[in-house]
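Here is the structure we will look at.
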Amino acid sequence: MISATPLDRQFAACMRRFDPGMEAAVEWAASLASRALGEGHVCLDLRRWAEREIDPGLRLPSVSAWKEVLFASAVVGGPGEFKPMIVEGERLYLARYWRYEKRLADSLLARAGEVCTEIDLERLDTDLGRLFALNAGQFPDWQKSAAAVAVLRRFCVISGGPGTGKTSTVVRILAALQSQAQGGLHIALAAPTGKAAARMQDSIRTQKQSLDFPANVIGSIPDTASTVHRLLGSKPDSASFRHDRDNPLLADVVVVDEASMIDLALLAKLVDALPPKARLILLGDKDQLSAVEAGAVFGDICAGWSHRRSFCDLQQKTAGPQLEANETPASPLQECIALLRHSHRFPGDSGIGELARRINEAEEAQPVLELLTDGRFTDIAWVSHFDEADLLERMDAGYRSYFDLVAGGADGAEVLAGFNRFRVLAAHHAGPASASSTNHAFEALQRERLRTPRYERWYVGRPIMVTRNDYGLRLFNGDVGVCLRVDGELRVCFEDAEGKLRALAPARLPEYVPAYAITVHKSQGSEFDQALFLLPEIVSPVLNRPLVYTAITRAKHRAEIWGGREMLSAAINRAPERSSGLRERLWG
């Protein structure tokens with residue numbers, strides 16, 4: 001029997017009110033389509049559900065018979081029809097998501113197919129040589145190649161793992177573009193979350209200082225980023241934005257960092273709001289977790305990566321190294337995607353780097369388990385058997401230097417930096433072996449040590465993570481603060497994008513959770529000296545290969561996996577699948 005949420009049942013009931021005579025297979029299709037959306041799928045793949053028994057005495061029909069029944073209903077139509085649900089191929093969409101997917105694919109293909117004829121190739125060659133002079137000994141220079149791709153096309157995707165230099169590359173891309181336009185381009189920087197936007201602008205400010213390039217060009221590169229929602233202009237209680245196809249953004253170039261976190265609906269709205277001649281540059285890691293909402297858009301865009309011979313020849317004139325060419329035309333996107341392959345964070349002798357590579361390439365868990373048990377690398381570890389006391393003892397050791405800073409009266413910036421040296425990352429937010437349960441147990445230990453009464457919520461050294469944006473306080477979902485005593489009062493200290501400390505009264509804070517342990521999803525874009533990945537006790541839909549990859553690559557110097565062989569194997573063996581037609585639309 002298939003369970004449905006109250007929302008799924010209400011949607012199906014709504015469809016029945018529009019079509020009182022609909023058959024049970026149509027009502028179940030509506031419920032399943034709503035359920036699929038809640039699980040991150042863009043549509044319902046009819047092939048996965050056809051001929052399954054979903055209720056005692058009710059078996060869904062075959063795909064062909066199911067489609068006949070669906071098309072006979074007043075609430076289901078074909079592509080382009082004004083109906084609540086759309087069937088295209090073997091996929092059933094809620095109409096709004098069919099439009100998002102279709103419009104996004106059409107727009108990306110159109111931009112990808114447009115050649116930037118206004119580019120001065122000689123100037124570009126000179127500029128790239130100067131901007132990437134420090135990479136002169138690298139062959140191929142993947143960063144320089146990515147820059148050539150971004151300048152020569154109106155749409156560009158740059159994908160790379162941690163430490164591959166995505167931000168440093170994009171700063172040089174913007175310098176090359178401003179050089180072509182004499183500094184006259186309007187550039188917008190954005191990211192899916194406030195925390196990611198703050199990190200982006202901090203990184204760009206740092207990178208700008210290292211550029212050996214004309215001051216007027218460097219000065220024309222912005223160093224202020226916003227969330228994508230804020231860039232588009234959110235409307236209260238509305239799914240639409242102020243900027244759309246009829247009121248486009250005032251931007252010549254839009255750069256979006258951490259693009260793997262963007263869902264289908266948001267990216268479709270962003271692309272809709274771009275002026276016709278504007279450039280869009282997406283930065284991200286195609287192997288990381290997909291967005292929490294519907295779609296795996298960044299992964300779908302990167303799915304068929306390769307370069308055509310014609311583009312490789314042009315790119316070689318400006319970037320030097322010969323790219324691998326694919327003589328079989330598949331999509332204009334082939335000429336718009338660049339992969340950064342050289343990790344400055346994880347050198348060749350890094351266990352974390354080797355573990356990340358094996359996780360992404362593994363068709364089964366055994367090669368990963370062998371690496372974790374052979375003892376060759378000291379920067380990775382696997383603890384398969386433990387109890388709560390063992391975990392709390394390890395957390396106590398991991399946070400010891402942080403507690404010493406707090407007890408010693410260190411300033412807020414030093415304490416926050418100390419807190420980022422270690423972090424527990426959990427697969428689940430709630431339940432056994434989750435972020436919530438781990439925080440509860442560890443906070444109880446801390447309160448006992450500090451002799452803090454249970455009724456007192458705050459104590460010196462308590463770390464928290466904001467879970468809701470508050471633009472008035474300039475706090476964003478994912479921001480981490482630490483409770484310290486400031487001028488004799490308990491205050492929660494946050495560091496802003498300029499590195500300045502802000503101390504706020506606890507009562508003023510928006511929603512938050514303790515931050516000794518956070519979910520892997522919340523950790524995206526962050527980095528810690530050491531990270532401990534806590535596996536759940538039961539197999540769940542969130543447990544998959546990108547989750548493990550994302551967790552272990554948050555660590556710069558040491559990554560630990562805590563959990564049983566069965567759970568770890570299940571995660572590595574499970575490649576996530578999100579039903580959508582975007583990959584097919586983009587790549588054929």
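Residues are named by chain letter and number: chains run A, B, ... in the order of the structure tokens, numbers start at 1 in each chain, and ligands are numbered from 1 in the order shown.
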**Request:** Could you give me the residues within region 230-392 of chain A that DSSP places in helix (DSSP H, G or I), as a ChimeraX atom specification?
**Result:** /A:230-232,259-261,264-272,297-302,309-319,332-335,351-361,366-373,388-392
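Taking only C-alpha atoms, the non-local environment of His521 (chain A) within 9 Å (same-chain residues fewer than 5 positions away omitted) comprises Leu289, Ala291, Val292, Leu425, Ala426, Ala427, Leu547, Thr550 and Ala551 of chain A.
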Go ahead and write the selection's residues with C-alpha atoms as a PDB file, in the first residue's frame.
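Saved file result.pdb follows:
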ATOM      1  CA  LEU A 289      23.910  17.068  -3.386  1.00  0.00           C
ATOM      2  CA  ALA A 291      18.651  21.108  -4.381  1.00  0.00           C
ATOM      3  CA  VAL A 292      16.242  20.344  -1.552  1.00  0.00           C
ATOM      4  CA  LEU A 425      27.678  16.316   9.868  1.00  0.00           C
ATOM      5  CA  ALA A 426      24.570  14.138  10.025  1.00  0.00           C
ATOM      6  CA  ALA A 427      22.462  12.639   7.264  1.00  0.00           C
ATOM      7  CA  LEU A 547      25.564  12.764   0.430  1.00  0.00           C
ATOM      8  CA  THR A 550      29.512  16.167   0.051  1.00  0.00           C
ATOM      9  CA  ALA A 551      30.131  15.253   3.697  1.00  0.00           C
TER      10      ALA A 551
END
**Request:** Within 8 Å of Tyr402 (chain A), counting only C-alpha atoms, which residues show up once you throw out same-chain ones fewer than 5 positions away? Write them as a ChimeraX atom specification, please.
**Result:** /A:415,418-419
Preceding selection exported with N, CA, C and O atoms as a PDB file, in the first residue's frame:
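Written out: again17.pdb:
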ATOM      1  N   VAL A 415      37.115  32.941  18.382  1.00  0.00           N
ATOM      2  CA  VAL A 415      36.262  31.835  18.823  1.00  0.00           C
ATOM      3  C   VAL A 415      35.510  31.226  17.637  1.00  0.00           C
ATOM      4  O   VAL A 415      35.428  30.000  17.501  1.00  0.00           O
ATOM      5  N   GLY A 418      37.811  29.187  15.667  1.00  0.00           N
ATOM      6  CA  GLY A 418      38.088  27.945  16.375  1.00  0.00           C
ATOM      7  C   GLY A 418      36.966  26.938  16.258  1.00  0.00           C
ATOM      8  O   GLY A 418      37.200  25.724  16.183  1.00  0.00           O
ATOM      9  N   PHE A 419      35.730  27.437  16.217  1.00  0.00           N
ATOM     10  CA  PHE A 419      34.591  26.529  16.103  1.00  0.00           C
ATOM     11  C   PHE A 419      34.583  25.818  14.749  1.00  0.00           C
ATOM     12  O   PHE A 419      34.113  24.687  14.635  1.00  0.00           O
TER      13      PHE A 419
END
Proximity of region 366-425 of chain A to region 522-543 of chain A: per-residue shortest pair, 9 Å limit, only C-alpha atoms, as a tab-separated table:
residue	atom	partner	partner_atom	distance
A:Met395	CA	A:Leu532	CA	8.9
A:Gly398	CA	A:Gln530	CA	8.1
A:Phe419	CA	A:Phe528	CA	8.9
A:Asn420	CA	A:Phe528	CA	5.4
A:Arg421	CA	A:Asp529	CA	4.6
A:Phe422	CA	A:Gln530	CA	4.7
A:Arg423	CA	A:Ala531	CA	5.1
A:Val424	CA	A:Leu532	CA	4.8
A:Leu425	CA	A:Phe533	CA	4.8
I need the residues from that last selection saved to file as an mmCIF file, in the first residue's frame (with N, CA, C and O atoms), if you can.
data_model
loop_
_atom_site.group_PDB
_atom_site.id
_atom_site.type_symbol
_atom_site.label_atom_id
_atom_site.label_comp_id
_atom_site.auth_asym_id
_atom_site.auth_seq_id
_atom_site.Cartn_x
_atom_site.Cartn_y
_atom_site.Cartn_z
ATOM 1 N N MET A 395 33.462 14.031 20.067
ATOM 2 C CA MET A 395 33.053 15.427 19.897
ATOM 3 C C MET A 395 33.744 16.315 20.929
ATOM 4 O O MET A 395 34.171 17.433 20.622
ATOM 5 N N GLY A 398 37.127 16.866 19.666
ATOM 6 C CA GLY A 398 37.116 17.713 18.478
ATOM 7 C C GLY A 398 36.887 19.175 18.793
ATOM 8 O O GLY A 398 37.462 20.065 18.137
ATOM 9 N N PHE A 419 35.730 27.437 16.217
ATOM 10 C CA PHE A 419 34.591 26.529 16.103
ATOM 11 C C PHE A 419 34.583 25.818 14.749
ATOM 12 O O PHE A 419 34.113 24.687 14.635
ATOM 13 N N ASN A 420 35.108 26.466 13.709
ATOM 14 C CA ASN A 420 35.109 25.863 12.375
ATOM 15 C C ASN A 420 36.205 24.833 12.162
ATOM 16 O O ASN A 420 36.339 24.300 11.059
ATOM 17 N N ARG A 421 36.980 24.547 13.205
ATOM 18 C CA ARG A 421 38.022 23.537 13.043
ATOM 19 C C ARG A 421 37.468 22.118 13.060
ATOM 20 O O ARG A 421 38.129 21.181 12.624
ATOM 21 N N PHE A 422 36.259 21.951 13.581
ATOM 22 C CA PHE A 422 35.668 20.614 13.682
ATOM 23 C C PHE A 422 34.159 20.731 13.567
ATOM 24 O O PHE A 422 33.573 21.720 14.018
ATOM 25 N N ARG A 423 33.545 19.754 12.922
ATOM 26 C CA ARG A 423 32.082 19.759 12.848
ATOM 27 C C ARG A 423 31.570 18.336 12.636
ATOM 28 O O ARG A 423 32.186 17.531 11.928
ATOM 29 N N VAL A 424 30.431 18.054 13.265
ATOM 30 C CA VAL A 424 29.728 16.788 13.044
ATOM 31 C C VAL A 424 28.660 17.033 11.988
ATOM 32 O O VAL A 424 27.858 17.972 12.110
ATOM 33 N N LEU A 425 28.639 16.196 10.955
ATOM 34 C CA LEU A 425 27.678 16.316 9.868
ATOM 35 C C LEU A 425 26.802 15.070 9.866
ATOM 36 O O LEU A 425 27.309 13.946 9.806
#
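Between CA of Gln143 (chain A) and CA of Asp379 (chain A) lies a distance of 27.1 Å.
Using only C-alpha atoms, the smallest distance between any of A:Arg96, A:His243, A:Arg491, A:Arg545 and Ala356 (chain A) comes from A:Arg545.
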**Message:** Can you pull out the residues contacting region 357-365 of chain A? Cut-off 7 Å, using only C-alpha atoms, and skip same-chain residues under 6 positions away; I want them as a PyMOL selection string.
**Reply:** chain A and resi 545+549+569+572-573
Written file, previous selection with N, CA, C and O atoms, as a CSV table (one decimal), in the first residue's frame:
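In the end it all went to out.csv:
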chain,number,residue,atom,x,y,z
A,545,ARG,N,25.1,8.4,-2.7
A,545,ARG,CA,26.5,8.7,-2.9
A,545,ARG,C,26.8,10.2,-2.8
A,545,ARG,O,27.8,10.5,-2.2
A,549,TYR,N,29.8,12.0,-0.5
A,549,TYR,CA,30.8,12.8,-1.2
A,549,TYR,C,30.8,14.2,-0.6
A,549,TYR,O,31.9,14.8,-0.3
A,569,SER,N,27.6,1.1,2.9
A,569,SER,CA,27.5,0.4,1.6
A,569,SER,C,26.2,0.8,0.9
A,569,SER,O,26.2,1.1,-0.3
A,572,ILE,N,26.7,4.4,-0.6
A,572,ILE,CA,27.6,4.4,-1.8
A,572,ILE,C,27.0,3.7,-3.0
A,572,ILE,O,27.2,4.2,-4.2
A,573,ASN,N,26.3,2.7,-2.8
A,573,ASN,CA,25.6,1.9,-3.9
A,573,ASN,C,24.5,2.7,-4.5
A,573,ASN,O,24.0,2.3,-5.6
**Message:** What does the structure give for the distance between CA of Ser159 (chain A) and CA of Asp263 (chain A), in Å to one decimal?
**Reply:** 16.6 Å
**Message:** With only C-alpha atoms as the counted atoms, please give the residues lying no more than 10 Å from Ala389 (chain A), apart from itself and same-chain residues fewer than 4 positions off, as a list in words.
**Reply:** Glu393, Arg394, Met395, Ala441 and Phe442 of chain A
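Closest to Ala74 (chain A) among A:Pro510, A:Pro61, A:Pro20, A:Gly38 is A:Pro20, based on only C-alpha atoms.
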I'd like the neighbourhood of Cys156 (chain A) as an mmCIF file with N, CA, C and O atoms, in the first residue's frame, where a residue qualifies if any of its atoms comes within 12 Å (using only C-alpha atoms), though same-chain residues fewer than 4 positions away should be ignored.
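Result written to out-v4.cif:
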data_model
loop_
_atom_site.group_PDB
_atom_site.id
_atom_site.type_symbol
_atom_site.label_atom_id
_atom_site.label_comp_id
_atom_site.auth_asym_id
_atom_site.auth_seq_id
_atom_site.Cartn_x
_atom_site.Cartn_y
_atom_site.Cartn_z
ATOM 1 N N LEU A 108 18.084 27.978 -22.242
ATOM 2 C CA LEU A 108 19.494 27.602 -22.136
ATOM 3 C C LEU A 108 20.059 27.189 -23.479
ATOM 4 O O LEU A 108 21.188 27.556 -23.843
ATOM 5 N N LEU A 109 19.301 26.427 -24.257
ATOM 6 C CA LEU A 109 19.783 26.004 -25.573
ATOM 7 C C LEU A 109 19.952 27.201 -26.501
ATOM 8 O O LEU A 109 20.906 27.257 -27.284
ATOM 9 N N ARG A 111 20.632 30.349 -25.607
ATOM 10 C CA ARG A 111 21.818 31.098 -25.190
ATOM 11 C C ARG A 111 23.096 30.335 -25.522
ATOM 12 O O ARG A 111 24.104 30.930 -25.925
ATOM 13 N N ALA A 112 23.058 29.020 -25.324
ATOM 14 C CA ALA A 112 24.246 28.220 -25.592
ATOM 15 C C ALA A 112 24.630 28.248 -27.070
ATOM 16 O O ALA A 112 25.810 28.162 -27.416
ATOM 17 N N GLY A 113 23.652 28.372 -27.929
ATOM 18 C CA GLY A 113 23.925 28.368 -29.363
ATOM 19 C C GLY A 113 24.362 29.700 -29.926
ATOM 20 O O GLY A 113 24.691 29.808 -31.113
ATOM 21 N N GLU A 114 24.383 30.747 -29.086
ATOM 22 C CA GLU A 114 24.722 32.082 -29.565
ATOM 23 C C GLU A 114 26.212 32.350 -29.398
ATOM 24 O O GLU A 114 26.760 32.262 -28.305
ATOM 25 N N VAL A 115 26.896 32.670 -30.487
ATOM 26 C CA VAL A 115 28.325 32.959 -30.469
ATOM 27 C C VAL A 115 28.538 34.441 -30.176
ATOM 28 O O VAL A 115 27.844 35.301 -30.726
ATOM 29 N N SER A 145 41.154 27.480 -19.486
ATOM 30 C CA SER A 145 40.183 26.931 -20.444
ATOM 31 C C SER A 145 38.767 27.349 -20.077
ATOM 32 O O SER A 145 37.970 27.743 -20.936
ATOM 33 N N ALA A 146 38.438 27.267 -18.764
ATOM 34 C CA ALA A 146 37.105 27.664 -18.309
ATOM 35 C C ALA A 146 36.861 29.138 -18.590
ATOM 36 O O ALA A 146 35.759 29.537 -18.984
ATOM 37 N N ALA A 147 37.899 29.966 -18.404
ATOM 38 C CA ALA A 147 37.752 31.395 -18.673
ATOM 39 C C ALA A 147 37.468 31.650 -20.154
ATOM 40 O O ALA A 147 36.630 32.490 -20.497
ATOM 41 N N ALA A 148 38.143 30.921 -21.020
ATOM 42 C CA ALA A 148 37.891 31.082 -22.457
ATOM 43 C C ALA A 148 36.463 30.701 -22.808
ATOM 44 O O ALA A 148 35.787 31.383 -23.583
ATOM 45 N N VAL A 149 35.981 29.604 -22.217
ATOM 46 C CA VAL A 149 34.601 29.178 -22.452
ATOM 47 C C VAL A 149 33.632 30.282 -22.024
ATOM 48 O O VAL A 149 32.697 30.641 -22.751
ATOM 49 N N ALA A 150 33.859 30.845 -20.834
ATOM 50 C CA ALA A 150 32.932 31.833 -20.285
ATOM 51 C C ALA A 150 32.907 33.116 -21.103
ATOM 52 O O ALA A 150 31.852 33.747 -21.243
ATOM 53 N N VAL A 151 34.046 33.525 -21.634
ATOM 54 C CA VAL A 151 34.090 34.774 -22.392
ATOM 55 C C VAL A 151 33.506 34.599 -23.788
ATOM 56 O O VAL A 151 32.863 35.505 -24.327
ATOM 57 N N LEU A 152 33.681 33.438 -24.364
ATOM 58 C CA LEU A 152 33.262 33.224 -25.746
ATOM 59 C C LEU A 152 31.787 32.858 -25.892
ATOM 60 O O LEU A 152 31.269 32.827 -27.002
ATOM 61 N N VAL A 170 36.480 32.708 -11.713
ATOM 62 C CA VAL A 170 35.420 33.616 -12.138
ATOM 63 C C VAL A 170 35.834 35.070 -11.969
ATOM 64 O O VAL A 170 35.433 35.931 -12.760
ATOM 65 N N ILE A 173 37.638 35.781 -15.021
ATOM 66 C CA ILE A 173 36.690 35.877 -16.134
ATOM 67 C C ILE A 173 36.062 37.266 -16.178
ATOM 68 O O ILE A 173 35.966 37.896 -17.236
ATOM 69 N N VAL A 253 25.914 40.744 -16.934
ATOM 70 C CA VAL A 253 26.489 39.458 -16.532
ATOM 71 C C VAL A 253 25.904 39.081 -15.180
ATOM 72 O O VAL A 253 25.884 39.903 -14.263
ATOM 73 N N VAL A 254 25.432 37.845 -15.063
ATOM 74 C CA VAL A 254 24.956 37.317 -13.784
ATOM 75 C C VAL A 254 25.776 36.076 -13.457
ATOM 76 O O VAL A 254 25.852 35.147 -14.263
ATOM 77 N N VAL A 255 26.398 36.082 -12.279
ATOM 78 C CA VAL A 255 27.198 34.946 -11.818
ATOM 79 C C VAL A 255 26.509 34.343 -10.606
ATOM 80 O O VAL A 255 26.194 35.051 -9.645
ATOM 81 N N VAL A 256 26.276 33.036 -10.636
ATOM 82 C CA VAL A 256 25.615 32.348 -9.530
ATOM 83 C C VAL A 256 26.541 31.267 -8.984
ATOM 84 O O VAL A 256 26.935 30.352 -9.711
ATOM 85 N N ALA A 259 25.626 26.667 -7.549
ATOM 86 C CA ALA A 259 24.442 26.483 -8.402
ATOM 87 C C ALA A 259 23.841 25.092 -8.282
ATOM 88 O O ALA A 259 22.686 24.885 -8.678
ATOM 89 N N ALA A 278 22.314 39.223 -22.046
ATOM 90 C CA ALA A 278 23.077 39.065 -20.798
ATOM 91 C C ALA A 278 23.765 37.705 -20.764
ATOM 92 O O ALA A 278 23.298 36.725 -21.349
ATOM 93 N N ARG A 279 24.881 37.652 -20.055
ATOM 94 C CA ARG A 279 25.601 36.392 -19.850
ATOM 95 C C ARG A 279 25.174 35.780 -18.520
ATOM 96 O O ARG A 279 24.922 36.494 -17.546
ATOM 97 N N LEU A 280 25.143 34.459 -18.491
ATOM 98 C CA LEU A 280 24.864 33.731 -17.255
ATOM 99 C C LEU A 280 25.999 32.749 -17.023
ATOM 100 O O LEU A 280 26.312 31.928 -17.892
ATOM 101 N N ILE A 281 26.640 32.846 -15.842
ATOM 102 C CA ILE A 281 27.731 31.951 -15.467
ATOM 103 C C ILE A 281 27.327 31.228 -14.194
ATOM 104 O O ILE A 281 27.055 31.857 -13.170
ATOM 105 N N LEU A 282 27.266 29.900 -14.261
ATOM 106 C CA LEU A 282 26.898 29.073 -13.106
ATOM 107 C C LEU A 282 28.138 28.360 -12.581
ATOM 108 O O LEU A 282 28.865 27.724 -13.349
ATOM 109 N N LEU A 283 28.377 28.467 -11.280
ATOM 110 C CA LEU A 283 29.494 27.790 -10.627
ATOM 111 C C LEU A 283 28.947 26.738 -9.672
ATOM 112 O O LEU A 283 27.971 26.998 -8.958
ATOM 113 N N GLY A 284 29.565 25.575 -9.645
ATOM 114 C CA GLY A 284 29.099 24.551 -8.717
ATOM 115 C C GLY A 284 29.899 23.274 -8.845
ATOM 116 O O GLY A 284 30.902 23.203 -9.564
ATOM 117 N N PHE A 298 21.568 21.315 -11.968
ATOM 118 C CA PHE A 298 22.981 21.472 -12.289
ATOM 119 C C PHE A 298 23.557 20.166 -12.843
ATOM 120 O O PHE A 298 24.305 20.168 -13.816
ATOM 121 N N ILE A 301 22.340 19.634 -16.418
ATOM 122 C CA ILE A 301 23.026 20.500 -17.383
ATOM 123 C C ILE A 301 24.398 19.939 -17.725
ATOM 124 O O ILE A 301 24.842 19.987 -18.880
ATOM 125 N N CYS A 302 25.078 19.380 -16.729
ATOM 126 C CA CYS A 302 26.446 18.871 -16.944
ATOM 127 C C CYS A 302 26.473 17.436 -17.468
ATOM 128 O O CYS A 302 27.554 16.904 -17.743
ATOM 129 N N TRP A 305 28.519 16.380 -20.888
ATOM 130 C CA TRP A 305 29.651 17.259 -21.167
ATOM 131 C C TRP A 305 30.645 16.656 -22.160
ATOM 132 O O TRP A 305 31.050 15.504 -22.055
ATOM 133 N N PRO A 332 24.149 22.205 -28.155
ATOM 134 C CA PRO A 332 24.978 23.416 -28.051
ATOM 135 C C PRO A 332 25.645 23.558 -26.687
ATOM 136 O O PRO A 332 26.638 24.271 -26.556
ATOM 137 N N LEU A 333 25.101 22.879 -25.679
ATOM 138 C CA LEU A 333 25.698 22.962 -24.348
ATOM 139 C C LEU A 333 27.110 22.391 -24.316
ATOM 140 O O LEU A 333 27.883 22.695 -23.399
ATOM 141 N N GLN A 334 27.462 21.555 -25.289
ATOM 142 C CA GLN A 334 28.807 20.992 -25.326
ATOM 143 C C GLN A 334 29.864 22.084 -25.305
ATOM 144 O O GLN A 334 30.973 21.869 -24.822
ATOM 145 N N GLU A 335 29.537 23.236 -25.856
ATOM 146 C CA GLU A 335 30.524 24.298 -25.987
ATOM 147 C C GLU A 335 30.474 25.289 -24.821
ATOM 148 O O GLU A 335 31.152 26.312 -24.846
ATOM 149 N N CYS A 336 29.681 24.985 -23.809
ATOM 150 C CA CYS A 336 29.452 25.954 -22.730
ATOM 151 C C CYS A 336 29.808 25.432 -21.353
ATOM 152 O O CYS A 336 29.585 26.125 -20.356
ATOM 153 N N ILE A 337 30.353 24.224 -21.269
ATOM 154 C CA ILE A 337 30.619 23.611 -19.969
ATOM 155 C C ILE A 337 32.107 23.395 -19.792
ATOM 156 O O ILE A 337 32.785 22.877 -20.687
ATOM 157 N N ALA A 338 32.630 23.807 -18.662
ATOM 158 C CA ALA A 338 34.045 23.621 -18.344
ATOM 159 C C ALA A 338 34.167 22.917 -17.002
ATOM 160 O O ALA A 338 33.468 23.263 -16.050
ATOM 161 N N LEU A 339 35.039 21.926 -16.943
ATOM 162 C CA LEU A 339 35.278 21.198 -15.707
ATOM 163 C C LEU A 339 36.670 21.546 -15.183
ATOM 164 O O LEU A 339 37.646 21.487 -15.932
#
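From CA of Ala4 (chain A) back to CA of Arg103 (chain A), the distance works out to 29.8 Å.
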Which residues come within 9 Å of Arg565 (chain A), counting only C-alpha atoms, excluding same-chain residues fewer than 4 positions away, as a short mmCIF file (atom, residue, chain, number, x, y, z; two decimals) with N, CA and C atoms, in the first residue's frame?
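As written to disk, selection-v2.cif reads:
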data_model
loop_
_atom_site.label_atom_id
_atom_site.label_comp_id
_atom_site.auth_asym_id
_atom_site.auth_seq_id
_atom_site.Cartn_x
_atom_site.Cartn_y
_atom_site.Cartn_z
N LEU A 369 35.29 0.87 0.65
CA LEU A 369 35.53 0.22 1.94
C LEU A 369 36.98 -0.24 2.05
N SER A 384 33.20 1.94 12.54
CA SER A 384 31.98 1.19 12.19
C SER A 384 31.20 0.74 13.41
N SER A 569 27.62 1.10 2.87
CA SER A 569 27.50 0.42 1.57
C SER A 569 26.23 0.85 0.86
N ALA A 570 25.12 0.94 1.62
CA ALA A 570 23.85 1.34 1.02
C ALA A 570 23.95 2.74 0.44
#
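With distances restricted to only C-alpha atoms, A:Ala225 is the closest residue to Asp202 (chain A) from A:Leu185, A:Leu249, A:Leu504, A:Ala225.
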**Prompt:** Where does DSSP see strand (DSSP E) in region 333-512 of chain A, if you list the residues as a ChimeraX atom specification?
**Reply:** /A:337-340,380-383,422-426,463-466,480-486,489-495,501-504,512
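With only C-alpha atoms as the atoms that count, the residue of A:Gly481, A:Ala433, A:Ser73, A:Leu134 with the shortest distance to Phe386 (chain A) is A:Ala433.
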